[in-house]
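Printed here is target_27.cif (mmCIF, C-alpha atoms and all ligand atoms):
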data_coords
loop_
_atom_site.label_atom_id
_atom_site.label_comp_id
_atom_site.auth_asym_id
_atom_site.auth_seq_id
_atom_site.Cartn_x
_atom_site.Cartn_y
_atom_site.Cartn_z
CA MET V 1 0.00 0.00 0.00
CA SER V 2 1.40 3.41 -0.90
CA SER V 3 2.56 5.66 1.90
CA LEU V 4 0.11 8.34 0.70
CA ILE V 5 -2.79 5.95 1.27
CA ASN V 6 -1.42 4.97 4.70
CA ARG V 7 -1.02 8.59 5.74
CA ASP V 8 -4.47 9.42 4.40
CA LYS V 9 -6.04 6.61 6.37
CA LYS V 10 -4.51 7.86 9.60
CA HIS V 11 -5.95 11.38 9.46
CA VAL V 12 -8.36 12.05 6.60
CA TRP V 13 -12.18 11.76 6.76
CA HIS V 14 -13.57 11.68 3.21
CA PRO V 15 -16.91 13.08 2.01
CA PHE V 16 -19.88 10.80 1.31
CA SER V 17 -17.92 7.79 2.52
CA GLN V 18 -18.57 4.88 4.84
CA HIS V 19 -14.99 4.33 5.94
CA ALA V 20 -15.72 0.87 7.33
CA THR V 21 -16.34 -0.44 3.81
CA SER V 22 -15.10 2.12 1.32
CA GLY V 23 -11.63 0.64 0.77
CA ASP V 24 -8.52 2.60 -0.09
CA PRO V 25 -8.78 6.03 -1.71
CA LEU V 26 -7.29 6.44 -5.18
CA PRO V 27 -3.99 8.32 -4.83
CA ILE V 28 -4.13 10.96 -7.59
CA VAL V 29 -1.06 13.15 -7.93
CA SER V 30 -1.52 15.04 -11.21
CA ALA V 31 -3.99 15.78 -13.97
CA LYS V 32 -4.06 17.17 -17.49
CA GLY V 33 -7.03 17.58 -19.82
CA THR V 34 -9.51 14.76 -19.22
CA LEU V 35 -6.96 12.52 -17.49
CA LEU V 36 -6.08 12.02 -13.83
CA TYR V 37 -2.79 10.27 -12.97
CA ASP V 38 -2.05 8.12 -9.94
CA GLU V 39 1.26 7.70 -8.12
CA LYS V 40 2.40 5.03 -10.54
CA GLY V 41 1.60 7.14 -13.59
CA LYS V 42 -1.55 5.18 -14.51
CA SER V 43 -4.16 7.42 -16.14
CA TYR V 44 -7.91 7.55 -15.53
CA ILE V 45 -10.51 9.32 -17.67
CA ASP V 46 -12.32 11.77 -15.38
CA ALA V 47 -15.76 10.59 -16.50
CA ASN V 48 -17.65 12.58 -13.85
CA SER V 49 -15.57 15.76 -14.21
CA SER V 50 -14.37 15.47 -10.60
CA TRP V 51 -17.86 15.73 -9.11
CA TRP V 52 -19.40 17.52 -12.07
CA VAL V 53 -17.23 20.63 -11.84
CA ASN V 54 -14.43 20.41 -14.39
CA ILE V 55 -15.64 21.62 -17.77
CA HIS V 56 -12.53 22.61 -19.76
CA GLY V 57 -10.18 19.85 -18.57
CA HIS V 58 -7.52 19.85 -15.88
CA GLY V 59 -4.43 22.06 -15.85
CA HIS V 60 -5.72 24.58 -18.39
CA GLU V 61 -3.04 27.23 -19.11
CA ILE V 62 -5.48 30.15 -19.28
CA ILE V 63 -6.75 29.31 -15.80
CA GLY V 64 -3.26 28.78 -14.43
CA LYS V 65 -2.20 32.19 -15.72
CA ALA V 66 -5.30 33.84 -14.28
CA ILE V 67 -4.47 32.42 -10.84
CA THR V 68 -0.85 33.58 -10.93
CA ASP V 69 -1.69 37.04 -12.29
CA GLN V 70 -4.47 37.59 -9.78
CA PHE V 71 -2.32 36.44 -6.88
CA GLN V 72 0.31 39.02 -7.87
CA ALA V 73 -2.30 41.76 -8.11
CA LEU V 74 -4.65 41.01 -5.20
CA ASP V 75 -4.98 37.69 -3.40
CA HIS V 76 -7.89 38.37 -1.09
CA VAL V 77 -9.75 41.25 0.45
CA ILE V 78 -12.81 41.65 2.64
CA PHE V 79 -15.88 42.08 0.40
CA ALA V 80 -18.07 44.09 2.79
CA ASN V 81 -17.89 47.74 1.69
CA VAL V 82 -14.97 46.86 -0.60
CA THR V 83 -15.00 45.93 -4.27
CA HIS V 84 -12.44 44.74 -6.81
CA PRO V 85 -12.24 44.42 -10.61
CA GLN V 86 -12.60 40.63 -10.93
CA ALA V 87 -15.86 40.48 -8.93
CA VAL V 88 -17.38 43.38 -10.84
CA ARG V 89 -16.31 41.95 -14.19
CA LEU V 90 -17.73 38.54 -13.28
CA ALA V 91 -21.03 40.04 -12.12
CA GLU V 92 -21.28 42.00 -15.40
CA ARG V 93 -20.52 38.97 -17.54
CA ILE V 94 -22.79 36.54 -15.68
CA THR V 95 -25.78 38.92 -15.67
CA SER V 96 -25.26 39.60 -19.39
CA LYS V 97 -25.81 35.88 -20.01
CA LEU V 98 -28.96 35.68 -17.89
CA PRO V 99 -32.48 37.07 -18.54
CA SER V 100 -32.39 40.86 -18.26
CA HIS V 101 -34.36 41.08 -14.99
CA LEU V 102 -31.62 39.13 -13.15
CA THR V 103 -29.27 41.96 -12.31
CA LYS V 104 -27.78 41.45 -8.85
CA VAL V 105 -25.09 38.95 -7.90
CA PHE V 106 -24.38 37.75 -4.35
CA PHE V 107 -21.10 35.88 -3.88
CA SER V 108 -20.56 32.86 -1.64
CA ASP V 109 -18.42 29.73 -1.55
CA ASN V 110 -20.11 26.72 -3.15
CA GLY V 111 -23.44 25.26 -4.24
CA SER V 112 -24.75 24.73 -0.71
CA THR V 113 -24.05 28.31 0.35
CA ALA V 114 -25.62 29.57 -2.89
CA ALA V 115 -28.74 27.63 -1.79
CA GLU V 116 -28.65 29.08 1.73
CA VAL V 117 -28.38 32.57 0.29
CA ALA V 118 -31.24 32.03 -2.17
CA LEU V 119 -33.54 30.58 0.51
CA LYS V 120 -32.73 33.30 3.04
CA MET V 121 -33.27 36.00 0.41
CA CYS V 122 -36.71 34.63 -0.42
CA VAL V 123 -37.81 34.40 3.21
CA GLN V 124 -36.50 37.88 4.02
CA PHE V 125 -38.05 39.31 0.83
CA TRP V 126 -41.50 38.42 2.17
CA HIS V 127 -40.57 39.46 5.71
CA ASN V 128 -39.43 42.87 4.43
CA LYS V 129 -42.79 43.19 2.71
CA GLY V 130 -44.58 42.40 5.97
CA GLU V 131 -45.70 38.92 4.85
CA GLU V 132 -44.54 36.01 7.01
CA LYS V 133 -44.31 33.35 4.30
CA THR V 134 -41.65 30.75 5.04
CA LEU V 135 -42.79 27.53 3.39
CA VAL V 136 -40.69 26.20 0.49
CA MET V 137 -41.84 23.83 -2.23
CA ALA V 138 -39.33 21.43 -3.75
CA LEU V 139 -39.46 18.32 -5.90
CA GLU V 140 -39.15 14.82 -4.48
CA GLY V 141 -35.60 13.61 -5.08
CA ALA V 142 -34.19 17.14 -4.85
CA TYR V 143 -30.58 17.77 -3.84
CA HIS V 144 -29.45 21.32 -3.13
CA GLY V 145 -26.48 20.73 -0.83
CA ASP V 146 -25.52 19.59 2.65
CA THR V 147 -25.95 22.66 4.85
CA PHE V 148 -29.10 22.78 6.97
CA GLY V 149 -31.20 25.02 4.75
CA ALA V 150 -30.18 23.10 1.65
CA MET V 151 -30.90 19.78 3.36
CA SER V 152 -34.27 21.07 4.56
CA VAL V 153 -35.45 21.46 0.95
CA GLY V 154 -33.77 18.26 -0.27
CA GLU V 155 -35.10 14.73 -0.43
CA ARG V 156 -35.89 13.40 3.03
CA ASP V 157 -34.05 10.09 2.87
CA LEU V 158 -31.47 7.92 4.63
CA PHE V 159 -28.73 10.45 3.90
CA ASN V 160 -30.18 13.06 6.22
CA LYS V 161 -32.22 11.02 8.69
CA PRO V 162 -30.31 12.07 11.87
CA PHE V 163 -30.84 15.74 11.10
CA GLU V 164 -34.50 15.66 10.11
CA PRO V 165 -35.82 16.91 13.46
CA LEU V 166 -33.83 20.11 12.87
CA PHE V 167 -35.06 20.85 9.35
CA PHE V 168 -37.44 23.69 8.57
CA GLN V 169 -40.73 22.86 6.94
CA ALA V 170 -40.83 22.15 3.24
CA GLU V 171 -43.33 20.43 0.97
CA TYR V 172 -42.60 18.23 -2.02
CA LEU V 173 -44.22 17.66 -5.38
CA PRO V 174 -43.81 14.16 -6.82
CA PHE V 175 -41.11 13.82 -9.47
CA PRO V 176 -42.72 14.74 -12.83
CA ASN V 177 -42.55 11.52 -14.83
CA PRO V 178 -44.16 12.17 -18.25
CA ASP V 179 -47.46 10.41 -17.50
CA GLN V 180 -47.80 12.26 -14.17
CA GLU V 181 -47.22 15.85 -15.25
CA ASP V 182 -50.86 17.04 -15.39
CA HIS V 183 -51.67 15.41 -12.09
CA ILE V 184 -48.65 17.00 -10.38
CA LEU V 185 -49.51 20.42 -11.76
CA GLU V 186 -52.99 20.06 -10.28
CA ILE V 187 -51.41 19.30 -6.91
CA ALA V 188 -49.16 22.36 -7.29
CA GLU V 189 -52.19 24.57 -8.11
CA LYS V 190 -53.96 23.45 -4.94
CA ARG V 191 -50.97 23.75 -2.61
CA PHE V 192 -49.74 27.10 -3.91
CA ALA V 193 -53.26 28.51 -3.56
CA SER V 194 -52.81 28.38 0.24
CA GLY V 195 -50.69 31.53 -0.10
CA ASN V 196 -48.14 30.13 2.37
CA PHE V 197 -45.26 29.50 0.01
CA ALA V 198 -42.25 31.80 -0.01
CA ALA V 199 -40.45 29.95 -2.78
CA LEU V 200 -40.26 27.06 -5.19
CA ILE V 201 -36.78 25.56 -5.67
CA VAL V 202 -35.92 23.21 -8.53
CA GLU V 203 -32.96 21.67 -10.30
CA PRO V 204 -34.12 22.63 -13.81
CA LEU V 205 -34.60 19.83 -16.37
CA ILE V 206 -32.48 17.27 -14.53
CA GLN V 207 -32.07 16.21 -10.92
CA GLY V 208 -28.42 15.29 -10.43
CA ALA V 209 -27.85 13.49 -7.16
CA SER V 210 -31.10 11.54 -7.18
CA GLY V 211 -29.88 9.72 -10.30
CA MET V 212 -29.61 12.12 -13.26
CA ARG V 213 -33.41 12.12 -13.55
CA MET V 214 -34.61 14.19 -16.49
CA TYR V 215 -37.97 15.89 -16.89
CA SER V 216 -39.64 18.05 -19.50
CA VAL V 217 -39.21 21.74 -20.09
CA GLY V 218 -42.98 21.92 -20.76
CA PHE V 219 -43.68 20.77 -17.19
CA LEU V 220 -41.18 23.23 -15.77
CA ASP V 221 -42.70 26.15 -17.68
CA ARG V 222 -46.21 25.27 -16.53
CA LEU V 223 -45.05 24.83 -12.93
CA MET V 224 -43.40 28.26 -13.06
CA GLN V 225 -46.61 29.82 -14.41
CA ILE V 226 -48.57 28.39 -11.47
CA ALA V 227 -45.94 29.58 -8.97
CA ARG V 228 -45.87 33.04 -10.50
CA LYS V 229 -49.69 33.30 -10.48
CA ASN V 230 -49.63 32.49 -6.75
CA LYS V 231 -46.80 34.91 -5.91
CA VAL V 232 -44.26 32.22 -5.13
CA LEU V 233 -40.63 33.16 -5.86
CA ILE V 234 -38.85 30.72 -8.18
CA ILE V 235 -35.28 29.55 -7.46
CA PHE V 236 -33.38 27.72 -10.21
CA ASP V 237 -30.58 25.62 -8.79
CA GLU V 238 -28.23 25.66 -11.78
CA VAL V 239 -25.28 24.48 -9.68
CA MET V 240 -25.02 21.31 -11.76
CA THR V 241 -26.82 22.38 -14.96
CA GLY V 242 -25.06 25.72 -15.50
CA PHE V 243 -22.21 26.37 -17.93
CA GLY V 244 -23.29 24.10 -20.73
CA ARG V 245 -24.08 20.82 -18.97
CA THR V 246 -27.59 20.48 -20.41
CA GLY V 247 -26.49 21.54 -23.89
CA THR V 248 -27.37 25.23 -23.52
CA PHE V 249 -25.33 27.72 -21.51
CA PHE V 250 -27.91 27.59 -18.71
CA ALA V 251 -30.82 25.15 -18.44
CA LEU V 252 -33.09 28.21 -18.20
CA ASP V 253 -32.17 29.06 -21.80
CA GLN V 254 -34.49 26.20 -22.78
CA CYS V 255 -37.45 27.60 -20.80
CA ASN V 256 -40.06 30.18 -21.79
CA GLU V 257 -40.68 31.27 -18.20
CA ASN V 258 -37.95 32.75 -16.02
CA PRO V 259 -36.89 32.23 -12.40
CA ASP V 260 -36.45 35.02 -9.82
CA LEU V 261 -33.17 33.65 -8.46
CA VAL V 262 -30.45 31.50 -9.99
CA MET V 263 -27.81 29.57 -8.04
CA LEU V 264 -24.46 28.91 -9.72
CA SER V 265 -21.31 27.04 -8.69
CA LYS V 266 -19.43 23.91 -9.92
CA GLY V 267 -18.71 24.77 -13.62
CA LEU V 268 -18.57 28.47 -12.69
CA THR V 269 -14.86 28.13 -11.91
CA ALA V 270 -14.33 25.23 -14.30
CA GLY V 271 -13.72 22.99 -11.31
CA VAL V 272 -10.63 24.77 -10.06
CA LEU V 273 -11.58 26.89 -7.03
CA PRO V 274 -14.69 27.06 -4.83
CA LEU V 275 -17.15 29.85 -5.59
CA GLY V 276 -20.92 30.20 -5.47
CA LEU V 277 -23.20 32.87 -6.87
CA THR V 278 -26.83 33.67 -6.21
CA VAL V 279 -28.17 35.94 -8.92
CA THR V 280 -31.41 37.73 -8.29
CA SER V 281 -33.78 40.36 -9.63
CA GLU V 282 -33.79 44.09 -9.09
CA GLU V 283 -37.21 43.69 -7.46
CA ILE V 284 -35.84 41.33 -4.80
CA PHE V 285 -32.76 43.50 -4.25
CA ASN V 286 -34.90 46.62 -3.89
CA SER V 287 -37.02 45.04 -1.17
CA PHE V 288 -33.91 45.02 1.07
CA LEU V 289 -33.29 48.77 0.70
CA SER V 290 -34.20 50.82 3.74
CA GLU V 291 -32.91 53.30 6.29
CA LYS V 292 -32.96 50.35 8.70
CA THR V 293 -29.77 48.26 8.64
CA GLU V 294 -31.65 45.10 9.65
CA ARG V 295 -33.69 45.18 6.45
CA GLY V 296 -30.50 44.56 4.50
CA PHE V 297 -29.23 41.07 3.75
CA LEU V 298 -26.93 40.56 6.74
CA HIS V 299 -25.16 37.49 5.45
CA GLY V 300 -21.57 36.85 4.35
CA HIS V 301 -18.60 34.47 4.42
CA SER V 302 -14.93 35.22 5.03
CA TYR V 303 -14.02 34.33 1.45
CA THR V 304 -17.02 36.05 -0.18
CA GLY V 305 -15.95 37.33 -3.60
CA ASN V 306 -12.41 35.96 -3.32
CA PRO V 307 -10.50 37.69 -6.15
CA ILE V 308 -8.58 34.60 -7.28
CA ALA V 309 -11.77 32.51 -7.49
CA CYS V 310 -13.45 35.35 -9.42
CA ALA V 311 -10.43 35.59 -11.75
CA VAL V 312 -10.72 31.86 -12.43
CA ALA V 313 -14.43 32.22 -13.22
CA ASN V 314 -13.61 35.06 -15.62
CA ALA V 315 -10.87 32.96 -17.21
CA SER V 316 -13.36 30.12 -17.67
CA LEU V 317 -15.71 32.51 -19.50
CA ASP V 318 -12.72 33.58 -21.66
CA ILE V 319 -12.16 29.92 -22.56
CA PHE V 320 -15.83 29.64 -23.58
CA GLU V 321 -15.29 32.59 -25.92
CA GLN V 322 -11.83 31.71 -27.23
CA GLU V 323 -11.77 27.95 -27.57
CA GLY V 324 -15.03 27.03 -29.27
CA THR V 325 -16.44 25.51 -26.08
CA ILE V 326 -20.00 25.66 -27.41
CA GLU V 327 -18.87 23.55 -30.42
CA LYS V 328 -17.21 21.09 -28.02
CA ILE V 329 -20.49 20.82 -26.10
CA GLU V 330 -22.32 20.19 -29.40
CA ARG V 331 -19.86 17.43 -30.31
CA LEU V 332 -20.24 15.82 -26.88
CA LYS V 333 -24.04 15.94 -27.23
CA GLU V 334 -23.80 14.19 -30.59
CA ALA V 335 -21.39 11.59 -29.22
CA ASN V 336 -23.78 10.98 -26.31
CA ASN V 337 -26.70 10.46 -28.69
CA GLU V 338 -24.66 7.96 -30.72
CA ALA V 339 -23.55 6.15 -27.55
CA LEU V 340 -27.15 6.11 -26.36
CA ARG V 341 -28.11 4.07 -29.41
CA LEU V 342 -25.33 1.56 -28.68
CA ILE V 343 -26.06 1.29 -24.97
CA SER V 344 -29.81 0.98 -25.61
CA ARG V 345 -29.14 -2.34 -27.35
CA GLU V 346 -27.78 -3.86 -24.14
CA PRO V 347 -30.39 -6.10 -22.54
CA ASN V 348 -29.78 -5.36 -18.88
CA ILE V 349 -30.35 -1.61 -18.78
CA LEU V 350 -33.36 0.63 -18.15
CA ASN V 351 -34.26 4.15 -19.14
CA PRO V 352 -31.24 5.17 -21.25
CA ARG V 353 -31.27 8.96 -21.59
CA VAL V 354 -29.27 12.00 -22.60
CA CYS V 355 -29.52 15.62 -21.48
CA GLY V 356 -26.87 17.60 -23.37
CA THR V 357 -23.46 16.50 -22.12
CA ILE V 358 -24.89 13.99 -19.61
CA LEU V 359 -25.67 10.38 -20.49
CA ALA V 360 -27.31 8.08 -17.93
CA PHE V 361 -29.12 4.76 -17.56
CA GLU V 362 -30.04 2.30 -14.84
CA VAL V 363 -28.60 -1.18 -14.61
CA ASN V 364 -31.51 -3.61 -14.36
CA THR V 365 -30.44 -5.60 -11.35
CA ALA V 366 -31.97 -8.16 -9.01
CA ASP V 367 -29.84 -6.48 -6.32
CA ARG V 368 -31.02 -3.50 -4.28
CA VAL V 369 -31.75 -0.48 -6.50
CA GLY V 370 -31.16 3.21 -5.70
CA TYR V 371 -28.07 4.81 -4.20
CA PHE V 372 -27.20 1.83 -2.01
CA SER V 373 -27.17 -0.68 -4.86
CA GLY V 374 -24.09 -2.94 -5.00
CA ILE V 375 -23.81 -2.27 -8.76
CA ARG V 376 -22.20 1.01 -7.84
CA ASP V 377 -19.08 -0.56 -6.36
CA GLN V 378 -18.87 -3.22 -9.07
CA ALA V 379 -19.04 -0.66 -11.88
CA TYR V 380 -16.61 1.66 -10.11
CA GLN V 381 -14.00 -1.07 -9.65
CA TYR V 382 -14.43 -2.52 -13.14
CA ALA V 383 -14.00 0.90 -14.76
CA LEU V 384 -11.07 1.88 -12.53
CA GLU V 385 -9.11 -1.20 -13.56
CA ARG V 386 -9.63 -0.10 -17.18
CA GLY V 387 -8.54 3.50 -16.70
CA VAL V 388 -11.90 5.19 -16.15
CA LEU V 389 -13.03 7.00 -12.99
CA LEU V 390 -16.80 6.57 -12.80
CA ARG V 391 -18.93 7.48 -9.82
CA PRO V 392 -22.28 5.76 -10.34
CA LEU V 393 -25.24 6.87 -8.26
CA GLY V 394 -26.24 3.40 -7.04
CA ASN V 395 -27.46 1.42 -10.05
CA THR V 396 -27.54 4.60 -12.15
CA ILE V 397 -24.45 4.78 -14.33
CA PHE V 398 -23.81 8.15 -15.89
CA ILE V 399 -21.07 10.15 -17.57
CA ASN V 400 -20.61 13.93 -17.65
CA PRO V 401 -16.98 14.34 -18.73
CA PRO V 402 -15.06 17.59 -19.36
CA TYR V 403 -16.07 19.12 -22.70
CA CYS V 404 -12.51 18.74 -24.02
CA ILE V 405 -12.70 14.92 -23.97
CA THR V 406 -11.14 13.52 -27.15
CA ARG V 407 -13.00 11.13 -29.44
CA GLU V 408 -10.56 8.38 -28.51
CA GLU V 409 -11.08 8.91 -24.77
CA TYR V 410 -14.85 9.05 -25.24
CA ASP V 411 -14.91 5.81 -27.25
CA HIS V 412 -12.82 4.09 -24.59
CA LEU V 413 -15.24 5.26 -21.91
CA ILE V 414 -18.25 3.84 -23.76
CA THR V 415 -16.44 0.59 -24.57
CA VAL V 416 -15.65 0.10 -20.87
CA ILE V 417 -19.27 0.78 -19.89
CA ILE V 418 -20.63 -1.67 -22.45
CA SER V 419 -18.10 -4.34 -21.52
CA PHE V 420 -19.07 -3.88 -17.86
CA LEU V 421 -22.73 -4.44 -18.74
CA ARG V 422 -21.80 -7.63 -20.58
CA SER V 423 -19.57 -8.82 -17.73
CA ILE V 424 -22.41 -8.75 -15.22
CA GLN V 425 -24.67 -10.67 -17.61
CA GLU V 426 -22.33 -13.64 -17.85
C1 LIG V 501 -27.98 20.76 -7.99
C2 LIG V 501 -27.01 20.93 -6.87
N1 LIG V 501 -27.18 21.92 -5.99
C3 LIG V 501 -26.32 22.15 -4.99
C4 LIG V 501 -25.23 21.32 -4.80
C5 LIG V 501 -24.30 21.57 -3.66
O1 LIG V 501 -23.11 22.08 -4.12
P1 LIG V 501 -21.76 21.99 -3.22
O2 LIG V 501 -21.39 20.55 -3.22
O3 LIG V 501 -20.80 22.84 -3.96
O4 LIG V 501 -22.10 22.51 -1.88
C6 LIG V 501 -25.01 20.28 -5.69
C7 LIG V 501 -23.86 19.39 -5.52
O5 LIG V 501 -23.76 18.33 -6.08
C8 LIG V 501 -25.92 20.06 -6.75
O6 LIG V 501 -25.77 19.06 -7.62
#
For this file, produce the structure as structure tokens.
Ligand SMILES: Cc1ncc(COP(=O)(O)O)c(C=O)c1O
Amino acid sequence: MSSLINRDKKHVWHPFSQHATSGDPLPIVSAKGTLLYDEKGKSYIDANSSWWVNIHGHGHEIIGKAITDQFQALDHVIFANVTHPQAVRLAERITSKLPSHLTKVFFSDNGSTAAEVALKMCVQFWHNKGEEKTLVMALEGAYHGDTFGAMSVGERDLFNKPFEPLFFQAEYLPFPNPDQEDHILEIAEKRFASGNFAALIVEPLIQGASGMRMYSVGFLDRLMQIARKNKVLIIFDEVMTGFGRTGTFFALDQCNENPDLVMLSKGLTAGVLPLGLTVTSEEIFNSFLSEKTERGFLHGHSYTGNPIACAVANASLDIFEQEGTIEKIERLKEANNEALRLISREPNILNPRVCGTILAFEVNTADRVGYFSGIRDQAYQYALERGVLLRPLGNTIFINPPYCITREEYDHLITVIISFLRSIQE
């Protein structure tokens, strides 16, 4: 066993891990493009973009230069009553890509804090207006992060059981499978009519953590119309879907209706540094303006608006503009659709699907299904031995690689997945 693994096991507690059974961590020491390299120089295709964050590939020169340059100029500065060029430039560029009513950008550290900020803004918006509406509507299967507010509006399942007594109240609409859409919209009509809802929060078009579950833009538009009619603020959690993942720059680009708040993280910094944004409307911002300090949004984090993280986000937008990233996304979409046809021929799979740069399906197994399915570990190990780092969600196998993946790497990835499916049939 390598000394890195030994040292890790002495002192490191890993995320989302059951250390009694999780085995040794993979010792990764370097990365370039789509590939991660272990201590012995063996390469692994980063098929899940290092937890869905890396969009342009590892070790990108433009990002490296942005980090060095920004460090020389300004490494960090308090962001209360202080501003700096990278944050302002990022806010200008992000708002220019969003619907025109979304004009104000609040900076935080990751997807979970972007959720906390969005939820707190909604509740305080109504409070500032003298209306005590605190209830939040979410979708069953939702995942918005692991802080308490984010967990409170996420799926109530085994993951969060110990904390449930501490959650604030939320209600859930069933997941909108195609044959259920009308029925679910009727439920939404009835529940929103109570007038108690401060906000609706959704992962637009695709729920990530619950198994890359995709649903229709038509449903989402109609749900937003009902929310809007009943004065419920709409939060789009684009933490996973933003920056090209669903095939358009934002998932909301595919919708006719618009949200009131958008949460961004993950691809925002191309998977290099932590940063979260909550973008909101002028109307929401204005409701916090007052002579009274306490009507302001009294929330912040030490690293809010960190200049190096903002510089990286700006560099990532430069890469979009300079390196034909939209064309790369198009090519990945096409490759996914081709691969879908191949994978669909395999007998032991269910529900093969593509949403832009994400391809997913379930392995039809007699074993336990869902996140705790044993297929997860089998697929992980099989792929790892063949130079692919997969992270299945239980019996859901999916890929969402960096957009710079080469055709050769992509073909290898699909070959490994198909050979895994055949291996478990034998
Ligand atoms: C849709 C969505 N929202 C929020 C989060 C939380 O983001 P973070 O892990 O950066 O806190 C995630 C993370 O996977 C996510 O997929």
The residue from V:Lys328, V:Arg341, V:Lys333, V:His301 with the smallest atom-to-atom distance to Val77 (chain V), counting all atoms listed in the file, is V:His301
Just to confirm, what's the straight-line distance from CA of Leu298 (chain V) to CA of Arg156 (chain V) in Å (one decimal)?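 Value for the CA of Leu298 (chain V)-CA of Arg156 (chain V) distance: 28.8 Å.
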Pairwise distance, CA of Asp237 (chain V) with CA of Met263 (chain V), equals 4.9 Å
For chain V against ligand LIG 501 (chain V), with a cut-off of 10 Å and counting all atoms listed in the file, what is the closest atom pair and its distance in Å to one decimal for every residue that makes the cut, ordered by chain and number, as a tab-separated table?
residue	atom	partner	partner_atom	distance
V:Trp51	CA	V:LIG501	O5	7.1
V:Trp52	CA	V:LIG501	O5	7.5
V:Val53	CA	V:LIG501	O3	8.9
V:Asp109	CA	V:LIG501	O3	7.7
V:Asn110	CA	V:LIG501	O3	4.0
V:Gly111	CA	V:LIG501	O1	3.2
V:Ser112	CA	V:LIG501	O4	3.6
V:Thr113	CA	V:LIG501	O4	6.5
V:Ala114	CA	V:LIG501	C3	7.7
V:Ala115	CA	V:LIG501	C3	6.8
V:Glu116	CA	V:LIG501	C3	9.9
V:Ala142	CA	V:LIG501	C1	7.8
V:Tyr143	CA	V:LIG501	C2	5.6
V:His144	CA	V:LIG501	N1	3.7
V:Gly145	CA	V:LIG501	C5	3.7
V:Asp146	CA	V:LIG501	O4	6.4
V:Thr147	CA	V:LIG501	O4	7.8
V:Ala150	CA	V:LIG501	C3	7.7
V:Met151	CA	V:LIG501	C5	9.8
V:Gly154	CA	V:LIG501	N1	9.5
V:Val202	CA	V:LIG501	C1	8.3
V:Glu203	CA	V:LIG501	C1	5.6
V:Pro204	CA	V:LIG501	C1	8.7
V:Ile206	CA	V:LIG501	C1	8.7
V:Gln207	CA	V:LIG501	C1	6.8
V:Gly208	CA	V:LIG501	O6	5.4
V:Ala209	CA	V:LIG501	O6	6.0
V:Ser210	CA	V:LIG501	O6	9.2
V:Met212	CA	V:LIG501	O6	9.7
V:Phe236	CA	V:LIG501	C1	9.1
V:Asp237	CA	V:LIG501	C1	5.6
V:Glu238	CA	V:LIG501	C1	6.2
V:Val239	CA	V:LIG501	C2	4.8
V:Met240	CA	V:LIG501	O6	4.8
V:Thr241	CA	V:LIG501	C1	7.2
V:Gly242	CA	V:LIG501	C1	9.5
V:Met263	CA	V:LIG501	N1	7.9
V:Leu264	CA	V:LIG501	N1	8.4
V:Ser265	CA	V:LIG501	O3	6.3
V:Lys266	CA	V:LIG501	O3	6.2
V:Pro274	CA	V:LIG501	O3	7.5
V:Leu275	CA	V:LIG501	O3	8.1
V:Gly276	CA	V:LIG501	O3	7.5
What is the distance between CA of Asn81 (chain V) and CA of Thr103 (chain V), in Å to one decimal?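 These two atoms are separated by 18.9 Å.
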Pick from V:Met224, V:Val105, V:Val29, V:Ala138, whichever lies nearest to Leu4 (chain V) using all atoms listed in the file: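 Under the stated criterion, the closest residue is V:Val29.
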Residues proximal to (-26.7, 40.1, 4.8) were defined as those with any atom within 10 Å of that point in the file's coordinates, counting all atoms listed in the file. Which are they, as a PyMOL selection string? chain V and resi 80+106+117+120-121+288+293-301
Compare V:Asn400, V:Thr278, V:Thr248, V:Gln124 by their minimum atom-to-atom distance to Thr325 (chain V), counting all atoms listed in the file, and give me the closest one.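 For Thr325 (chain V), the nearest of the given residues is V:Thr248.
Checking V:Glu409, V:Leu205, V:Asn160, V:Glu189 one by one against Gln225 (chain V), counting all atoms listed in the file, you find the shortest gap at V:Glu189.
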Give as an mmCIF file with C-alpha atoms, keeping the file's coordinate frame the set of residues within 8 Å of the point (-30.5, 5.3, -6.4), where distances use the file's coordinates and only C-alpha atoms.
data_model
loop_
_atom_site.group_PDB
_atom_site.id
_atom_site.type_symbol
_atom_site.label_atom_id
_atom_site.label_comp_id
_atom_site.auth_asym_id
_atom_site.auth_seq_id
_atom_site.Cartn_x
_atom_site.Cartn_y
_atom_site.Cartn_z
ATOM 1 C CA SER V 210 -31.100 11.540 -7.180
ATOM 2 C CA GLY V 211 -29.880 9.720 -10.300
ATOM 3 C CA VAL V 369 -31.750 -0.480 -6.500
ATOM 4 C CA GLY V 370 -31.160 3.210 -5.700
ATOM 5 C CA TYR V 371 -28.070 4.810 -4.200
ATOM 6 C CA PHE V 372 -27.200 1.830 -2.010
ATOM 7 C CA SER V 373 -27.170 -0.680 -4.860
ATOM 8 C CA LEU V 393 -25.240 6.870 -8.260
ATOM 9 C CA GLY V 394 -26.240 3.400 -7.040
ATOM 10 C CA ASN V 395 -27.460 1.420 -10.050
ATOM 11 C CA THR V 396 -27.540 4.600 -12.150
#
